[in-house]
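Next comes data27.cif, with mmCIF, C-alpha atoms.
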```
data_input
loop_
_atom_site.label_atom_id
_atom_site.label_comp_id
_atom_site.auth_asym_id
_atom_site.auth_seq_id
_atom_site.Cartn_x
_atom_site.Cartn_y
_atom_site.Cartn_z
CA MET A 1 83.71 91.22 73.64
CA ASN A 2 80.01 90.40 73.65
CA LEU A 3 77.81 93.27 74.80
CA SER A 4 74.53 92.11 73.36
CA PRO A 5 71.69 91.42 75.82
CA GLY A 6 71.53 87.91 77.27
CA ALA A 7 69.25 85.25 75.90
CA ALA A 8 65.57 85.82 76.57
CA HIS A 9 65.42 82.97 79.06
CA ARG A 10 68.09 84.31 81.42
CA PRO A 11 69.50 87.60 82.73
CA VAL A 12 73.02 88.81 82.05
CA SER A 13 75.30 87.63 84.86
CA ILE A 14 78.11 89.80 86.28
CA ALA A 15 80.41 89.30 89.27
CA ALA A 16 82.09 92.14 91.13
CA LEU A 17 85.25 91.30 93.05
CA GLY A 18 86.58 93.27 96.00
CA GLU A 19 86.03 94.27 99.60
CA CYS A 20 83.12 95.67 101.58
CA MET A 21 83.81 97.29 104.93
CA LEU A 22 81.79 98.63 107.79
CA GLU A 23 81.38 102.38 107.31
CA LEU A 24 81.17 105.04 110.01
CA GLN A 25 79.99 108.51 108.99
CA GLY A 26 80.45 111.67 111.05
CA GLN A 27 83.02 113.54 113.08
CA ALA A 28 85.49 111.83 115.38
CA PHE A 29 84.23 111.79 118.98
CA GLY A 30 80.83 112.97 117.76
CA GLN A 31 77.76 111.05 116.73
CA LEU A 32 78.54 108.40 114.11
CA ARG A 33 76.20 106.62 111.73
CA GLN A 34 77.03 103.01 110.91
CA THR A 35 76.48 101.50 107.49
CA PHE A 36 78.66 99.66 104.96
CA GLY A 37 80.45 100.29 101.68
CA GLY A 38 83.38 99.53 99.44
CA ASP A 39 84.04 100.56 95.86
CA THR A 40 83.07 97.37 94.03
CA LEU A 41 80.30 96.55 96.51
CA ASN A 42 78.80 99.99 95.93
CA THR A 43 78.90 99.30 92.20
CA ALA A 44 77.32 95.87 92.70
CA VAL A 45 74.39 97.33 94.67
CA TYR A 46 73.73 100.06 92.12
CA LEU A 47 74.04 97.50 89.31
CA ALA A 48 71.38 95.35 91.00
CA ARG A 49 69.12 98.36 91.46
CA CYS A 50 69.50 99.59 87.88
CA GLY A 51 69.55 96.19 86.21
CA GLY A 52 66.63 94.59 88.02
CA GLU A 53 65.56 91.18 86.76
CA HIS A 54 67.56 91.68 83.55
CA LEU A 55 70.91 91.64 85.37
CA ARG A 56 72.05 89.05 87.89
CA VAL A 57 74.74 90.61 90.09
CA HIS A 58 77.11 88.51 92.21
CA TYR A 59 79.63 89.75 94.77
CA ALA A 60 82.88 87.89 95.38
CA THR A 61 84.75 88.59 98.61
CA ALA A 62 85.68 87.03 101.95
CA LEU A 63 84.05 87.74 105.29
CA GLY A 64 84.34 86.34 108.79
CA ASP A 65 81.96 84.06 110.67
CA ASP A 66 80.91 86.88 113.02
CA THR A 67 77.53 88.59 113.37
CA LEU A 68 78.75 91.71 111.55
CA SER A 69 79.65 89.62 108.50
CA THR A 70 76.28 87.88 108.67
CA GLY A 71 74.60 91.27 108.80
CA LEU A 72 76.47 92.39 105.69
CA LEU A 73 75.36 89.29 103.77
CA GLU A 74 71.74 89.88 104.78
CA ARG A 75 71.87 93.49 103.60
CA TRP A 76 73.49 92.63 100.28
CA ALA A 77 70.86 89.97 99.64
CA ALA A 78 68.11 92.47 100.45
CA GLU A 79 69.55 94.66 97.67
CA GLY A 80 69.33 91.81 95.19
CA VAL A 81 73.06 91.03 95.20
CA GLN A 82 73.85 87.31 95.00
CA THR A 83 76.19 86.10 97.77
CA GLY A 84 77.09 82.59 96.59
CA LEU A 85 80.64 83.67 95.69
CA VAL A 86 81.38 84.91 99.24
CA GLN A 87 83.76 82.90 101.43
CA ARG A 88 83.30 82.84 105.22
CA LEU A 89 86.62 82.60 107.07
CA PRO A 90 86.47 81.49 110.73
CA GLY A 91 87.84 83.99 113.21
CA ARG A 92 88.16 86.84 110.69
CA LEU A 93 86.35 90.18 110.53
CA PRO A 94 85.40 92.72 107.87
CA GLY A 95 87.39 95.94 107.61
CA LEU A 96 86.26 99.29 108.99
CA TYR A 97 86.54 102.89 107.80
CA LEU A 98 85.45 106.33 108.97
CA ILE A 99 84.41 109.11 106.58
CA GLU A 100 84.76 112.73 107.64
CA LEU A 101 83.29 115.38 105.33
CA ASP A 102 84.22 119.02 104.83
CA GLU A 103 81.71 121.75 104.04
CA GLY A 104 82.00 121.08 100.29
CA GLY A 105 81.19 117.40 100.63
CA GLU A 106 84.76 116.23 100.05
CA ARG A 107 85.88 113.23 102.02
CA ARG A 108 88.67 112.26 104.39
CA PHE A 109 89.01 108.55 105.07
CA HIS A 110 90.45 106.67 108.05
CA TYR A 111 90.88 102.90 107.58
CA TRP A 112 91.21 99.83 109.79
CA ARG A 113 91.54 97.09 107.19
CA GLY A 114 94.96 95.46 107.60
CA GLN A 115 93.56 92.12 108.82
CA ALA A 116 90.28 92.22 106.89
CA ALA A 117 89.02 88.86 105.65
CA ALA A 118 88.75 90.06 102.05
CA ARG A 119 92.54 90.05 101.74
CA SER A 120 92.49 86.25 102.08
CA TYR A 121 89.91 85.42 99.41
CA PHE A 122 92.47 83.63 97.24
CA ASP A 123 94.26 81.86 100.09
CA THR A 124 92.43 78.63 99.23
CA ALA A 125 93.32 76.35 96.31
CA ALA A 126 90.12 77.33 94.48
CA THR A 127 87.44 79.96 94.97
CA ALA A 128 83.77 79.95 94.05
CA LEU A 129 84.48 82.81 91.63
CA GLU A 130 87.06 80.80 89.72
CA ASP A 131 84.92 77.66 89.78
CA GLN A 132 81.85 79.45 88.41
CA ALA A 133 83.55 81.91 86.07
CA ASP A 134 82.46 80.09 82.91
CA ALA A 135 78.81 80.80 83.80
CA LEU A 136 79.42 84.56 84.03
CA ASP A 137 78.93 87.06 81.24
CA ALA A 138 81.04 89.78 82.86
CA LEU A 139 83.57 90.52 85.59
CA TYR A 140 84.10 93.88 87.31
CA LEU A 141 87.01 94.78 89.57
CA SER A 142 89.09 97.78 90.56
CA GLY A 143 92.57 98.85 91.47
CA ILE A 144 91.51 98.46 95.10
CA SER A 145 90.45 94.86 94.40
CA LEU A 146 94.05 94.17 93.34
CA ALA A 147 95.73 96.31 95.98
CA ILE A 148 94.27 94.45 98.96
CA LEU A 149 95.47 91.06 97.68
CA PRO A 150 98.92 89.50 98.03
CA PRO A 151 100.86 88.99 94.77
CA ALA A 152 99.73 85.37 94.40
CA GLY A 153 96.11 86.48 94.62
CA ARG A 154 96.68 89.19 92.03
CA GLU A 155 98.16 86.63 89.65
CA ARG A 156 95.03 84.51 89.98
CA VAL A 157 92.83 87.52 89.31
CA LEU A 158 94.77 88.37 86.16
CA ALA A 159 94.54 84.75 85.02
CA LEU A 160 90.79 84.86 85.60
CA MET A 161 90.49 88.09 83.62
CA ALA A 162 92.40 86.56 80.70
CA ARG A 163 90.37 83.36 80.82
CA MET A 164 87.04 85.20 80.76
CA ARG A 165 88.09 87.66 78.08
CA ALA A 166 89.37 84.83 75.86
CA ARG A 167 85.86 83.38 75.64
CA GLY A 168 84.28 86.78 74.91
CA ALA A 169 83.08 87.80 78.36
CA VAL A 170 83.19 91.47 79.37
CA VAL A 171 86.07 92.27 81.74
CA ALA A 172 85.79 95.76 83.22
CA PHE A 173 88.62 97.30 85.26
CA ASP A 174 88.08 100.51 87.24
CA ASN A 175 91.34 102.28 88.03
CA ASN A 176 90.44 103.47 91.59
CA TYR A 177 94.00 104.21 92.73
CA ARG A 178 94.71 104.53 96.46
CA PRO A 179 98.46 105.05 97.03
CA ARG A 180 98.42 104.00 100.69
CA LEU A 181 97.34 100.46 99.70
CA TRP A 182 100.43 99.84 97.55
CA GLU A 183 103.97 99.09 98.63
CA SER A 184 105.34 101.58 96.10
CA LEU A 185 104.37 103.57 93.04
CA ALA A 186 106.41 101.22 90.87
CA ASP A 187 104.53 98.22 92.27
CA ALA A 188 101.18 99.84 91.56
CA ARG A 189 102.18 100.73 88.01
CA TYR A 190 103.31 97.16 87.33
CA TRP A 191 99.97 95.62 88.35
CA TYR A 192 97.88 98.33 86.70
CA GLU A 193 99.68 97.84 83.41
CA ARG A 194 98.88 94.14 83.50
CA ALA A 195 95.26 94.75 84.53
CA PHE A 196 94.68 97.20 81.69
CA ALA A 197 96.16 94.67 79.25
CA ALA A 198 93.70 92.03 80.49
CA ALA A 199 90.59 94.24 80.43
CA SER A 200 88.08 94.83 77.65
CA ILE A 201 86.61 97.94 79.33
CA ALA A 202 88.58 100.49 81.36
CA LEU A 203 86.74 102.90 83.65
CA ILE A 204 89.17 105.71 84.41
CA THR A 205 88.95 108.43 87.03
CA ALA A 206 91.24 111.03 85.46
CA ASP A 207 92.78 112.42 88.64
CA ASP A 208 93.57 108.88 89.87
CA HIS A 209 95.30 108.17 86.56
CA GLN A 210 97.18 111.45 86.90
CA ALA A 211 98.41 110.41 90.36
CA LEU A 212 99.35 106.89 89.25
CA LEU A 213 101.51 108.20 86.39
CA ALA A 214 102.71 111.37 88.17
CA LEU A 215 101.46 113.53 85.30
CA PRO A 216 101.48 117.34 85.45
CA ASP A 217 97.79 117.98 84.77
CA LEU A 218 94.41 116.42 84.03
CA ALA A 219 94.75 116.90 80.27
CA SER A 220 97.87 114.75 80.31
CA ALA A 221 96.02 112.10 82.29
CA VAL A 222 93.21 112.04 79.73
CA SER A 223 95.69 111.66 76.87
CA ALA A 224 97.44 108.84 78.70
CA ALA A 225 94.12 107.10 79.37
CA GLN A 226 93.14 107.36 75.71
CA ALA A 227 96.41 105.63 74.80
CA LEU A 228 95.72 102.57 76.98
CA PRO A 229 95.61 99.22 75.15
CA VAL A 230 91.94 98.68 76.01
CA GLU A 231 89.16 98.26 73.47
CA GLU A 232 86.67 100.52 75.27
CA ILE A 233 87.43 103.34 77.72
CA ALA A 234 85.25 105.66 79.78
CA ILE A 235 87.06 108.57 81.42
CA LYS A 236 85.45 110.33 84.38
CA ARG A 237 86.44 113.94 85.07
CA GLY A 238 84.19 114.99 87.94
CA ALA A 239 81.94 117.88 86.92
CA LEU A 240 83.53 118.01 83.46
CA PRO A 241 82.09 115.89 80.62
CA ALA A 242 82.99 112.23 80.58
CA ILE A 243 84.95 111.00 77.56
CA VAL A 244 84.10 107.61 76.04
CA GLY A 245 85.32 105.59 73.11
CA GLY A 246 88.49 103.93 71.94
CA GLY A 247 91.18 104.21 69.28
CA SER A 248 90.60 107.47 67.40
CA ALA A 249 86.84 107.71 68.04
CA TRP A 250 85.90 109.65 71.17
CA GLN A 251 82.78 111.40 72.44
CA GLU A 252 82.19 113.82 75.28
CA VAL A 253 79.13 113.25 77.45
CA ALA A 254 78.07 116.18 79.60
CA ALA A 255 77.85 115.75 83.35
CA GLU A 256 74.57 116.38 85.15
CA THR A 257 74.22 119.76 86.86
CA VAL A 258 73.89 119.51 90.65
CA SER A 259 72.78 122.44 92.78
CA ARG A 260 74.47 121.18 95.95
CA VAL A 261 77.04 118.45 96.52
CA VAL A 262 76.48 116.73 99.86
CA ASP A 263 78.94 113.82 99.67
CA THR A 264 81.08 112.63 96.76
CA THR A 265 81.46 109.13 98.21
CA ALA A 266 80.71 106.50 95.54
CA ALA A 267 80.43 109.01 92.69
CA GLY A 268 82.76 106.95 90.53
CA ASP A 269 81.35 103.64 91.77
CA SER A 270 77.82 104.63 90.83
CA PHE A 271 78.96 105.95 87.44
CA ALA A 272 80.51 102.54 86.80
CA ALA A 273 77.25 100.83 87.74
CA GLY A 274 75.18 103.08 85.53
CA TYR A 275 77.58 102.69 82.63
CA LEU A 276 77.86 98.91 82.85
CA SER A 277 74.15 98.36 83.46
CA ARG A 278 73.40 100.06 80.16
CA ARG A 279 76.31 98.62 78.18
CA LEU A 280 75.39 95.07 79.26
CA ALA A 281 71.87 95.80 78.02
CA GLY A 282 73.26 96.73 74.61
CA ALA A 283 73.28 100.56 74.85
CA ALA A 284 75.98 102.54 73.06
CA PRO A 285 78.89 103.89 75.14
CA ALA A 286 77.69 107.52 75.02
CA ALA A 287 74.18 106.58 76.17
CA ALA A 288 75.67 104.41 78.91
CA ALA A 289 77.88 107.28 80.09
CA ALA A 290 74.91 109.65 80.14
CA PHE A 291 73.06 107.27 82.44
CA GLY A 292 76.19 106.84 84.58
CA ASN A 293 76.37 110.62 84.94
CA ARG A 294 72.70 110.79 85.97
CA LEU A 295 73.17 108.15 88.63
CA ALA A 296 76.38 109.69 89.99
CA ALA A 297 74.74 113.12 90.16
CA ARG A 298 71.93 111.66 92.24
CA VAL A 299 74.29 109.83 94.58
CA ILE A 300 76.43 112.87 95.45
CA GLN A 301 73.34 114.75 96.64
CA HIS A 302 72.97 112.32 99.56
CA PRO A 303 75.29 111.28 102.42
CA GLY A 304 77.06 107.93 102.33
CA ALA A 305 78.06 105.44 99.66
CA LEU A 306 74.62 103.87 99.22
CA ILE A 307 71.73 106.30 99.01
CA PRO A 308 68.17 105.28 99.94
CA ARG A 309 66.27 103.39 97.27
CA ASP A 310 63.45 105.93 97.48
CA ALA A 311 65.92 108.63 96.40
CA MET A 312 66.32 107.03 92.96
CA PRO A 313 63.06 105.32 91.89
CA ASP A 314 63.26 106.83 88.39
CA LEU A 315 66.72 105.30 87.89
CA MET A 316 65.87 101.79 89.03
CA ALA A 317 64.90 99.03 86.65
CA THR A 318 61.29 98.04 86.20
CA ALA A 319 60.08 94.66 85.01
#
```
Written as structure tokens, that's how I'd like the structure from this file.
Amino acid sequence: MNLSPGAAHRPVSIAALGECMLELQGQAFGQLRQTFGGDTLNTAVYLARCGGEHLRVHYATALGDDTLSTGLLERWAAEGVQTGLVQRLPGRLPGLYLIELDEGGERRFHYWRGQAAARSYFDTAATALEDQADALDALYLSGISLAILPPAGRERVLALMARMRARGAVVAFDNNYRPRLWESLADARYWYERAFAAASIALITADDHQALLALPDLASAVSAAQALPVEEIAIKRGALPAIVGGGSAWQEVAAETVSRVVDTTAAGDSFAAGYLSRRLAGAAPAAAAAFGNRLAARVIQHPGALIPRDAMPDLMATA
């Protein structure tokens, strides 16, 4: 796994694979704010912001040929995310979700994504992601990226992960486990086991891992995560310190103190972006986790998945 900075003449290139949906924020039958989000897309945007000209971020997904899909592409490009790996499928639409928040900033999601275009990304004989994979330094995907695909698509993703890892590229898998997206717990465990085996970096949200394995407590989930057959692991535990390392060498990295949590949406996604942006620049895992914690702490103090750029100028890359 090569985590040294790219050659001086070019930025490090990473592709994120997954789904972006239209996002509605607010209370049902009240005023709603429209924006967009999706776990790996959120990570891609924050990677572009934090990596700047030193990191070239691509997003791989499928969208429709409608005006909403065009609007998404325009907004991603404005954030510095490359859209050449996106497929446009005639007659299809992006998915939609509504976020309701309680007084503590915790979320309740409602989804309309069953026919979303992203589910059909691998329905063609070849995709732009597969065709251009040899030019990429890294690949990032999540459990949601796998869950929305049919089995044949998942097999192609796993083959792509293995192909990229075999030549020394970074392959990062974020566990993001959403039970409602899987046919069964056994099905989810089968695909997660294979994804972990194909990854060089695992980004683990401890309570998701606890749910996936039906473990009794968070400590058990951490122990199970540390036993994964992955070279490098970063374990996120909310307000508790993150744990990073691999094998028998582990470090705790304190979380940032936040006076008020507004919205925990994209906390894990932004941590992943902060972590990977620093690791791909050659920083040590503990330093990368510290930056991931800083970014996540900033994000949860604002509503929505993607906070305004002017809320994080000190965290964005400069030339």
Item to check | Contacts of A:Ala138 at 9 Å (only C-alpha atoms; same-chain gap of 4+ positions) as a ChimeraX atom specification | outcome: /A:12-16,133,164-165,169-172,280
If the PyMOL selection byres ((chain A and resi 157) around 12) is run on the structure shown, which residues does it catch, given as a PDB file with C-alpha atoms, in the coordinates of the input?
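What ended up in result.pdb:
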```pdb
ATOM      1  CA  ALA A  16      82.090  92.140  91.130  1.00  0.00           C
ATOM      2  CA  LEU A  17      85.250  91.300  93.050  1.00  0.00           C
ATOM      3  CA  GLY A  18      86.580  93.270  96.000  1.00  0.00           C
ATOM      4  CA  ALA A  60      82.880  87.890  95.380  1.00  0.00           C
ATOM      5  CA  TYR A 121      89.910  85.420  99.410  1.00  0.00           C
ATOM      6  CA  PHE A 122      92.470  83.630  97.240  1.00  0.00           C
ATOM      7  CA  ALA A 126      90.120  77.330  94.480  1.00  0.00           C
ATOM      8  CA  THR A 127      87.440  79.960  94.970  1.00  0.00           C
ATOM      9  CA  LEU A 129      84.480  82.810  91.630  1.00  0.00           C
ATOM     10  CA  GLU A 130      87.060  80.800  89.720  1.00  0.00           C
ATOM     11  CA  ALA A 133      83.550  81.910  86.070  1.00  0.00           C
ATOM     12  CA  LEU A 139      83.570  90.520  85.590  1.00  0.00           C
ATOM     13  CA  TYR A 140      84.100  93.880  87.310  1.00  0.00           C
ATOM     14  CA  LEU A 141      87.010  94.780  89.570  1.00  0.00           C
ATOM     15  CA  SER A 142      89.090  97.780  90.560  1.00  0.00           C
ATOM     16  CA  GLY A 143      92.570  98.850  91.470  1.00  0.00           C
ATOM     17  CA  SER A 145      90.450  94.860  94.400  1.00  0.00           C
ATOM     18  CA  LEU A 146      94.050  94.170  93.340  1.00  0.00           C
ATOM     19  CA  ALA A 147      95.730  96.310  95.980  1.00  0.00           C
ATOM     20  CA  ILE A 148      94.270  94.450  98.960  1.00  0.00           C
ATOM     21  CA  LEU A 149      95.470  91.060  97.680  1.00  0.00           C
ATOM     22  CA  PRO A 150      98.920  89.500  98.030  1.00  0.00           C
ATOM     23  CA  PRO A 151     100.860  88.990  94.770  1.00  0.00           C
ATOM     24  CA  ALA A 152      99.730  85.370  94.400  1.00  0.00           C
ATOM     25  CA  GLY A 153      96.110  86.480  94.620  1.00  0.00           C
ATOM     26  CA  ARG A 154      96.680  89.190  92.030  1.00  0.00           C
ATOM     27  CA  GLU A 155      98.160  86.630  89.650  1.00  0.00           C
ATOM     28  CA  ARG A 156      95.030  84.510  89.980  1.00  0.00           C
ATOM     29  CA  LEU A 158      94.770  88.370  86.160  1.00  0.00           C
ATOM     30  CA  ALA A 159      94.540  84.750  85.020  1.00  0.00           C
ATOM     31  CA  LEU A 160      90.790  84.860  85.600  1.00  0.00           C
ATOM     32  CA  MET A 161      90.490  88.090  83.620  1.00  0.00           C
ATOM     33  CA  ALA A 162      92.400  86.560  80.700  1.00  0.00           C
ATOM     34  CA  ARG A 163      90.370  83.360  80.820  1.00  0.00           C
ATOM     35  CA  MET A 164      87.040  85.200  80.760  1.00  0.00           C
ATOM     36  CA  VAL A 171      86.070  92.270  81.740  1.00  0.00           C
ATOM     37  CA  PHE A 173      88.620  97.300  85.260  1.00  0.00           C
ATOM     38  CA  TRP A 191      99.970  95.620  88.350  1.00  0.00           C
ATOM     39  CA  ARG A 194      98.880  94.140  83.500  1.00  0.00           C
ATOM     40  CA  ALA A 195      95.260  94.750  84.530  1.00  0.00           C
ATOM     41  CA  ALA A 198      93.700  92.030  80.490  1.00  0.00           C
ATOM     42  CA  ALA A 199      90.590  94.240  80.430  1.00  0.00           C
TER      43      ALA A 199
END
```
Checklist entry - Which is closer to A:Asp66 than all the others in A:Ala317, A:Ala286, A:Gly91, A:Cys20, using all atoms listed in the file? => result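 Closest candidate: A:Gly91.
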Item to check | Explicit residue set for the PyMOL selection byres ((chain A and resi 73) around 12), as number ranges by chain | outcome: A: 20-21, 36, 41, 58-72, 74-88, 94
Apply the PyMOL selection byres ((chain A and resi 235-239) around 7) to the file shown and report the selected residues as a PDB file with C-alpha atoms, in the coordinates of the input.
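The resulting file, selection.pdb, is reproduced below:
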```pdb
ATOM      1  CA  LEU A 203      86.740 102.900  83.650  1.00  0.00           C
ATOM      2  CA  ILE A 204      89.170 105.710  84.410  1.00  0.00           C
ATOM      3  CA  THR A 205      88.950 108.430  87.030  1.00  0.00           C
ATOM      4  CA  ALA A 206      91.240 111.030  85.460  1.00  0.00           C
ATOM      5  CA  ILE A 233      87.430 103.340  77.720  1.00  0.00           C
ATOM      6  CA  ALA A 234      85.250 105.660  79.780  1.00  0.00           C
ATOM      7  CA  LEU A 240      83.530 118.010  83.460  1.00  0.00           C
ATOM      8  CA  PRO A 241      82.090 115.890  80.620  1.00  0.00           C
ATOM      9  CA  ALA A 242      82.990 112.230  80.580  1.00  0.00           C
ATOM     10  CA  ILE A 243      84.950 111.000  77.560  1.00  0.00           C
ATOM     11  CA  VAL A 244      84.100 107.610  76.040  1.00  0.00           C
ATOM     12  CA  ALA A 255      77.850 115.750  83.350  1.00  0.00           C
TER      13      ALA A 255
END
```
Checklist entry - Closest to A:Gln27 among A:Tyr46, A:Phe291, A:Tyr190, A:Phe109, using only C-alpha atoms? => result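 Selected residue with least distance to A:Gln27: A:Phe109.
The smallest atom-to-atom distance between A:Leu47 and any of A:Leu185, A:Ala219, A:Ala284, A:Ala272, using all atoms listed in the file, is found for A:Ala272.
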Item to check | Separation of atom CA of A:Gln31 from atom CA of A:Ala118 in Å | outcome: 27.9 Å
Next on the checklist: Env of A:Ala267: 9 Å cut, atoms = all atoms listed in the file, seq-sep filter 6 positions within chain, self excluded. Answer as a ChimeraX atom specification.
Outcome noted: /A:238,293,295-300,305
Selection to disk with C-alpha atoms, as an mmCIF file, in the frame of the given file:
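selection_3.cif written:
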```cif
data_model
loop_
_atom_site.group_PDB
_atom_site.id
_atom_site.type_symbol
_atom_site.label_atom_id
_atom_site.label_comp_id
_atom_site.auth_asym_id
_atom_site.auth_seq_id
_atom_site.Cartn_x
_atom_site.Cartn_y
_atom_site.Cartn_z
ATOM 1 C CA GLY A 238 84.190 114.990 87.940
ATOM 2 C CA ASN A 293 76.370 110.620 84.940
ATOM 3 C CA LEU A 295 73.170 108.150 88.630
ATOM 4 C CA ALA A 296 76.380 109.690 89.990
ATOM 5 C CA ALA A 297 74.740 113.120 90.160
ATOM 6 C CA ARG A 298 71.930 111.660 92.240
ATOM 7 C CA VAL A 299 74.290 109.830 94.580
ATOM 8 C CA ILE A 300 76.430 112.870 95.450
ATOM 9 C CA ALA A 305 78.060 105.440 99.660
#
```
Checklist outcome for this item: A straight line from atom CA of A:Val261 to atom CA of A:Gln301 spans 5.2 Å
Next on the checklist: From the options A:Leu89, A:Ala287, A:Leu306, A:Ala197, which residue's atoms come nearest to A:Asn42, counting only C-alpha atoms?
Outcome noted: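 Closest to A:Asn42, using only C-alpha atoms: A:Leu306.
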Checklist entry - Which one of A:Gly245, A:Gly168, A:Pro90, A:Gly268 sits closest to A:Thr43 if you count all atoms listed in the file? => result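 Closest candidate: A:Gly268.
When only C-alpha atoms are used to measure the gap to A:Gly114, the shortest distance among A:Leu181, A:Ala211, A:Cys50, A:Ile144 belongs to A:Leu181.
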